[in-house]
Amino acid sequence: MKFDKDEGFFLNGVNMKIKGVCLHHDAGLVGAAVPNGVWKRRLQLLKDMGCNAIRIAHNPSSDAFLDLCDEMGFLVQDEFFDEWDYPKDKRLNMNERHNDYITRGYNEHFQEWAKKDLTNTMLAHRNHPSIIQWSIGNEIEWTYPRNAKATGFFDNMNWDGNYFWSRPPYSPERIRKEYESLPKQTYEIGKTAHKLAAWTRALDTSRPVIANCILPSASFESGYADVLDVVGYSYRRVMYDYAKEYYPNKIVMGTENVPQWHEWKAIVERPHISGTFLWTGFDYMGESNDKWPRKATPSGLFDLAGFPKPAYHMYKTLWSDEPHIYICSNTLEQSSYHEVKGKVVEKKPGAWEHVLWFWYNVNEHWNYKNGEPVIVEVISNAPQVELLLNGHSLGVKKLADFPDRIYKWALPFEAGRLEAKAVDEDCTAEIYTAGEAYAIKAHMDHDKLEGSKNDVAHIVVQVVDKAGYPVTNTEQVVEFEVSGSLKSLGVDNGNPENVQAFHSNKITTHKGKALMIVQASDQVGMGTIKVKSGSLKSEELHIEVE
């Protein structure tokens, strides 16, 4: 492999983009004790989307996880630390503002344990061929006050820009001058970075040293970036050209970016940017920031249960060569769009260029009031798409006419079948007006399991109407009964605001869906899962444990 300052990343001599996601250590309902089968499902979902890389954020992974990355062909950034000498507020990822035990972080152990932990991690992991980078830190700059103050972004009465979307108000020379004039702390970020990079290179020089820099304009001038082989940017895509202009010999890439089209657009337009790691592949527990009942961070391409979200469909159209179509909709009143002179446009022009982690609200159903004005959105990589309602064409549109890469139609609602069809490719998607909930439809990803606690099956249930169409606009309480050679690991519905117990045999669906994960016991035999919901038609599944 090779990282080049002008041409980006090469693997086995082939120039390619790193299409990565960040993954936290938990996996929804199983918490941090993740069976291999759960990781394998999640990694396969990512791979099927076109993802080729994982940033393990922000802690060393298990060997079992890396074994799967080796086996499945992922590129991996292995990250050591989320804190160095000084603490973060683990609620808000910046300077410490609380003083309670639950938010205490690694900095309290850093001086004594950093070298030992880094060394042990590298000795355990360095023979995994999937690893392509060692990351010495994540967004460390916040914890050293000189960095933020030197940039000119903050507490600068002469600047009125936006940190996310503006280049630094100060020149590199001014940043260096400001940095050197500010009071020093006991520990300096550049010196600590030099120490960590040296420990890393003492054990492996075959992979580059990188870090995820949240304030790269200061990192370039503090000595931090000097010790990095690759400078990773955290939410600073507007600085890609800045780096090329002022630091042309430095290799730069995105290492933490929002899962929106504008992030990838900035990368594909610049050959010198190797790729990115999106925040995040899956929703994860924590960082809810006192927003009860939200218990998780909903920034993922997939939710907590591993169900795909609109951002997944966008990135599948960007990262995979396979034709793909996805349909969603909303009422005109609730939509982010409206119709002006026959064209569907954003209510807030240009909003798509600055959207952050979370997708705006859309519906995956086709259930509205008759005649109600509706905006239909189609995400696809097909150059042309035709929309049909009950077999009648509503017109063909071109992807080139939508800079946000979302096809849009405005129409009055009419019950029935809505279909989006690629004009020149064999690819369609359709949604139907659903009737009353009639039955529970369940499917599983495995009908045979080995007698191992690492072997699991995912039971996905969907409420359907009498015709078998998904009912996603009303919810049902679903009950599971597990018997035989299986054990339930818990239930979830993917909703980050669901606070029902994971360890339960029943759950209220979200968008008509729910998940149970079952684990093979150490006894050979047949396991049975019965799924029911009141008077709805029930379902029964059987799994053989060998």
# chains A, B, ... in the order shown; residues from 1 in each chain; ligands from 1
call {"tool": "residues_around", "arguments": {"residues": "Val524 of chain A", "least_positions_apart": "4", "cutoff": "12 Å", "atoms": "only C-alpha atoms", "output": "VMD selection string"}}
result
chain A and resid 448 to 452 484 to 486 520 543 to 546
call {"tool": "residues_around", "arguments": {"residues": "segment 206-208 of chain A", "least_positions_apart": "3", "cutoff": "10 Å", "atoms": "only C-alpha atoms", "output": "PyMOL selection string"}}
result
chain A and resi 1-3+77+126+131-135+197+200-201+203+228-230
call {"tool": "select_by_dssp", "arguments": {"residues": "segment 36-210 of chain A", "states": "strand (DSSP E or B)", "output": "PyMOL selection string"}}
result
chain A and resi 53-56+75-79+88-89+94-95+131-138+209-210
call {"tool": "residues_around", "arguments": {"residues": "His365 of chain A", "least_positions_apart": "6", "cutoff": "8 Å", "atoms": "only C-alpha atoms", "output": "compact mmCIF listing (two decimals) with C-alpha atoms, in the first residue's frame"}}
result
# COMPACT_ATOMS: atom_id res chain seq x y z
CA CYS A 328 -39.26 7.70 0.47
CA SER A 329 -41.80 10.48 0.84
CA ILE A 431 -43.86 0.89 -2.09
CA TYR A 432 -47.56 0.21 -1.56
CA THR A 433 -50.40 1.73 0.39
CA ALA A 434 -50.68 -0.71 3.28
CA VAL A 471 -47.08 -1.82 7.53
CA THR A 472 -44.60 0.85 8.63
CA ASN A 473 -46.89 3.62 9.87
call {"tool": "atom_distance", "arguments": {"atom1": "atom CA of Ile273 of chain A", "atom2": "atom CA of Lys5 of chain A"}}
result
8.1 Å
call {"tool": "residues_around", "arguments": {"residues": "Cys427 of chain A", "least_positions_apart": "6", "cutoff": "12 Å", "atoms": "only C-alpha atoms", "output": "VMD selection string"}}
result
chain A and resid 322 to 326 380 to 386 419 to 421
call {"tool": "closest_residue", "arguments": {"among": "A:Pro496, A:Gly534, A:Gly527, A:Pro60", "to": "Glu479 of chain A", "atoms": "only C-alpha atoms"}}
result
A:Gly534
call {"tool": "closest_atom_pairs", "arguments": {"of": "segment 500-526 of chain A", "to": "segment 36-46 of chain A", "cutoff": "12 Å", "atoms": "only C-alpha atoms", "output": "Markdown table"}}
result
| residue | atom | partner | partner_atom | distance |
| --- | --- | --- | --- | --- |
| A:Met516 | CA | A:Val38 | CA | 11.6 |
| A:Ile517 | CA | A:Val38 | CA | 8.5 |
| A:Val518 | CA | A:Val38 | CA | 10.3 |
| A:Gln519 | CA | A:Gly37 | CA | 9.2 |
| A:Ala520 | CA | A:Gly37 | CA | 10.8 |
call {"tool": "decode", "arguments": {"residues": "segment 78-97 of chain A", "atoms": "N, CA, C and O atoms", "output": "PDB file, in the first residue's frame"}}
result
ATOM      1  N   ASP A  78      -6.472   1.285  13.092  1.00  0.00           N
ATOM      2  CA  ASP A  78      -6.499   0.868  14.500  1.00  0.00           C
ATOM      3  C   ASP A  78      -6.131   2.078  15.356  1.00  0.00           C
ATOM      4  O   ASP A  78      -5.046   2.639  15.211  1.00  0.00           O
ATOM      5  N   GLU A  79      -7.045   2.471  16.231  1.00  0.00           N
ATOM      6  CA  GLU A  79      -6.869   3.714  16.999  1.00  0.00           C
ATOM      7  C   GLU A  79      -6.584   3.399  18.465  1.00  0.00           C
ATOM      8  O   GLU A  79      -7.239   2.549  19.053  1.00  0.00           O
ATOM      9  N   PHE A  80      -5.628   4.141  19.032  1.00  0.00           N
ATOM     10  CA  PHE A  80      -5.195   3.863  20.400  1.00  0.00           C
ATOM     11  C   PHE A  80      -5.950   4.664  21.461  1.00  0.00           C
ATOM     12  O   PHE A  80      -6.400   4.112  22.458  1.00  0.00           O
ATOM     13  N   PHE A  81      -6.030   5.987  21.274  1.00  0.00           N
ATOM     14  CA  PHE A  81      -6.444   6.849  22.383  1.00  0.00           C
ATOM     15  C   PHE A  81      -7.503   7.875  21.975  1.00  0.00           C
ATOM     16  O   PHE A  81      -7.481   8.402  20.865  1.00  0.00           O
ATOM     17  N   ASP A  82      -8.375   8.185  22.932  1.00  0.00           N
ATOM     18  CA  ASP A  82      -9.336   9.271  22.789  1.00  0.00           C
ATOM     19  C   ASP A  82      -8.951  10.444  23.692  1.00  0.00           C
ATOM     20  O   ASP A  82      -9.511  11.534  23.569  1.00  0.00           O
ATOM     21  N   GLU A  83      -8.035  10.206  24.605  1.00  0.00           N
ATOM     22  CA  GLU A  83      -7.510  11.256  25.485  1.00  0.00           C
ATOM     23  C   GLU A  83      -6.018  11.033  25.680  1.00  0.00           C
ATOM     24  O   GLU A  83      -5.553   9.890  25.665  1.00  0.00           O
ATOM     25  N   TRP A  84      -5.300  12.136  25.895  1.00  0.00           N
ATOM     26  CA  TRP A  84      -3.874  12.037  26.225  1.00  0.00           C
ATOM     27  C   TRP A  84      -3.651  12.607  27.631  1.00  0.00           C
ATOM     28  O   TRP A  84      -4.098  12.026  28.609  1.00  0.00           O
ATOM     29  N   ASP A  85      -2.961  13.720  27.685  1.00  0.00           N
ATOM     30  CA  ASP A  85      -2.546  14.280  28.974  1.00  0.00           C
ATOM     31  C   ASP A  85      -3.683  14.916  29.754  1.00  0.00           C
ATOM     32  O   ASP A  85      -3.654  14.935  30.990  1.00  0.00           O
ATOM     33  N   TYR A  86      -4.671  15.454  29.049  1.00  0.00           N
ATOM     34  CA  TYR A  86      -5.722  16.228  29.697  1.00  0.00           C
ATOM     35  C   TYR A  86      -7.093  15.633  29.383  1.00  0.00           C
ATOM     36  O   TYR A  86      -7.282  15.004  28.350  1.00  0.00           O
ATOM     37  N   PRO A  87      -8.077  15.878  30.281  1.00  0.00           N
ATOM     38  CA  PRO A  87      -9.387  15.216  30.123  1.00  0.00           C
ATOM     39  C   PRO A  87     -10.302  15.906  29.125  1.00  0.00           C
ATOM     40  O   PRO A  87     -10.235  17.118  28.917  1.00  0.00           O
ATOM     41  N   LYS A  88     -11.167  15.091  28.523  1.00  0.00           N
ATOM     42  CA  LYS A  88     -12.293  15.595  27.759  1.00  0.00           C
ATOM     43  C   LYS A  88     -13.533  15.509  28.639  1.00  0.00           C
ATOM     44  O   LYS A  88     -13.604  14.676  29.549  1.00  0.00           O
ATOM     45  N   ASP A  89     -14.513  16.322  28.312  1.00  0.00           N
ATOM     46  CA  ASP A  89     -15.841  16.078  28.845  1.00  0.00           C
ATOM     47  C   ASP A  89     -16.399  14.929  28.008  1.00  0.00           C
ATOM     48  O   ASP A  89     -16.699  15.088  26.826  1.00  0.00           O
ATOM     49  N   LYS A  90     -16.491  13.756  28.589  1.00  0.00           N
ATOM     50  CA  LYS A  90     -16.894  12.588  27.807  1.00  0.00           C
ATOM     51  C   LYS A  90     -18.359  12.662  27.374  1.00  0.00           C
ATOM     52  O   LYS A  90     -18.824  11.842  26.600  1.00  0.00           O
ATOM     53  N   ARG A  91     -19.091  13.654  27.872  1.00  0.00           N
ATOM     54  CA  ARG A  91     -20.433  13.888  27.345  1.00  0.00           C
ATOM     55  C   ARG A  91     -20.358  14.619  26.002  1.00  0.00           C
ATOM     56  O   ARG A  91     -21.092  14.329  25.087  1.00  0.00           O
ATOM     57  N   LEU A  92     -19.459  15.593  25.920  1.00  0.00           N
ATOM     58  CA  LEU A  92     -19.462  16.507  24.775  1.00  0.00           C
ATOM     59  C   LEU A  92     -18.142  16.527  24.005  1.00  0.00           C
ATOM     60  O   LEU A  92     -17.981  17.310  23.078  1.00  0.00           O
ATOM     61  N   ASN A  93     -17.179  15.690  24.374  1.00  0.00           N
ATOM     62  CA  ASN A  93     -15.977  15.472  23.582  1.00  0.00           C
ATOM     63  C   ASN A  93     -15.087  16.709  23.480  1.00  0.00           C
ATOM     64  O   ASN A  93     -14.363  16.879  22.506  1.00  0.00           O
ATOM     65  N   MET A  94     -15.149  17.609  24.477  1.00  0.00           N
ATOM     66  CA  MET A  94     -14.290  18.791  24.444  1.00  0.00           C
ATOM     67  C   MET A  94     -13.610  18.936  25.802  1.00  0.00           C
ATOM     68  O   MET A  94     -13.181  17.951  26.384  1.00  0.00           O
ATOM     69  N   ASN A  95     -13.472  20.160  26.312  1.00  0.00           N
ATOM     70  CA  ASN A  95     -12.812  20.346  27.600  1.00  0.00           C
ATOM     71  C   ASN A  95     -13.708  19.871  28.739  1.00  0.00           C
ATOM     72  O   ASN A  95     -14.930  20.014  28.670  1.00  0.00           O
ATOM     73  N   GLU A  96     -13.089  19.345  29.787  1.00  0.00           N
ATOM     74  CA  GLU A  96     -13.853  18.809  30.911  1.00  0.00           C
ATOM     75  C   GLU A  96     -14.636  19.916  31.606  1.00  0.00           C
ATOM     76  O   GLU A  96     -14.094  20.964  31.953  1.00  0.00           O
ATOM     77  N   ARG A  97     -15.943  19.663  31.784  1.00  0.00           N
ATOM     78  CA  ARG A  97     -16.804  20.624  32.469  1.00  0.00           C
ATOM     79  C   ARG A  97     -17.610  19.983  33.586  1.00  0.00           C
ATOM     80  O   ARG A  97     -18.502  20.594  34.137  1.00  0.00           O
TER      81      ARG A  97
END
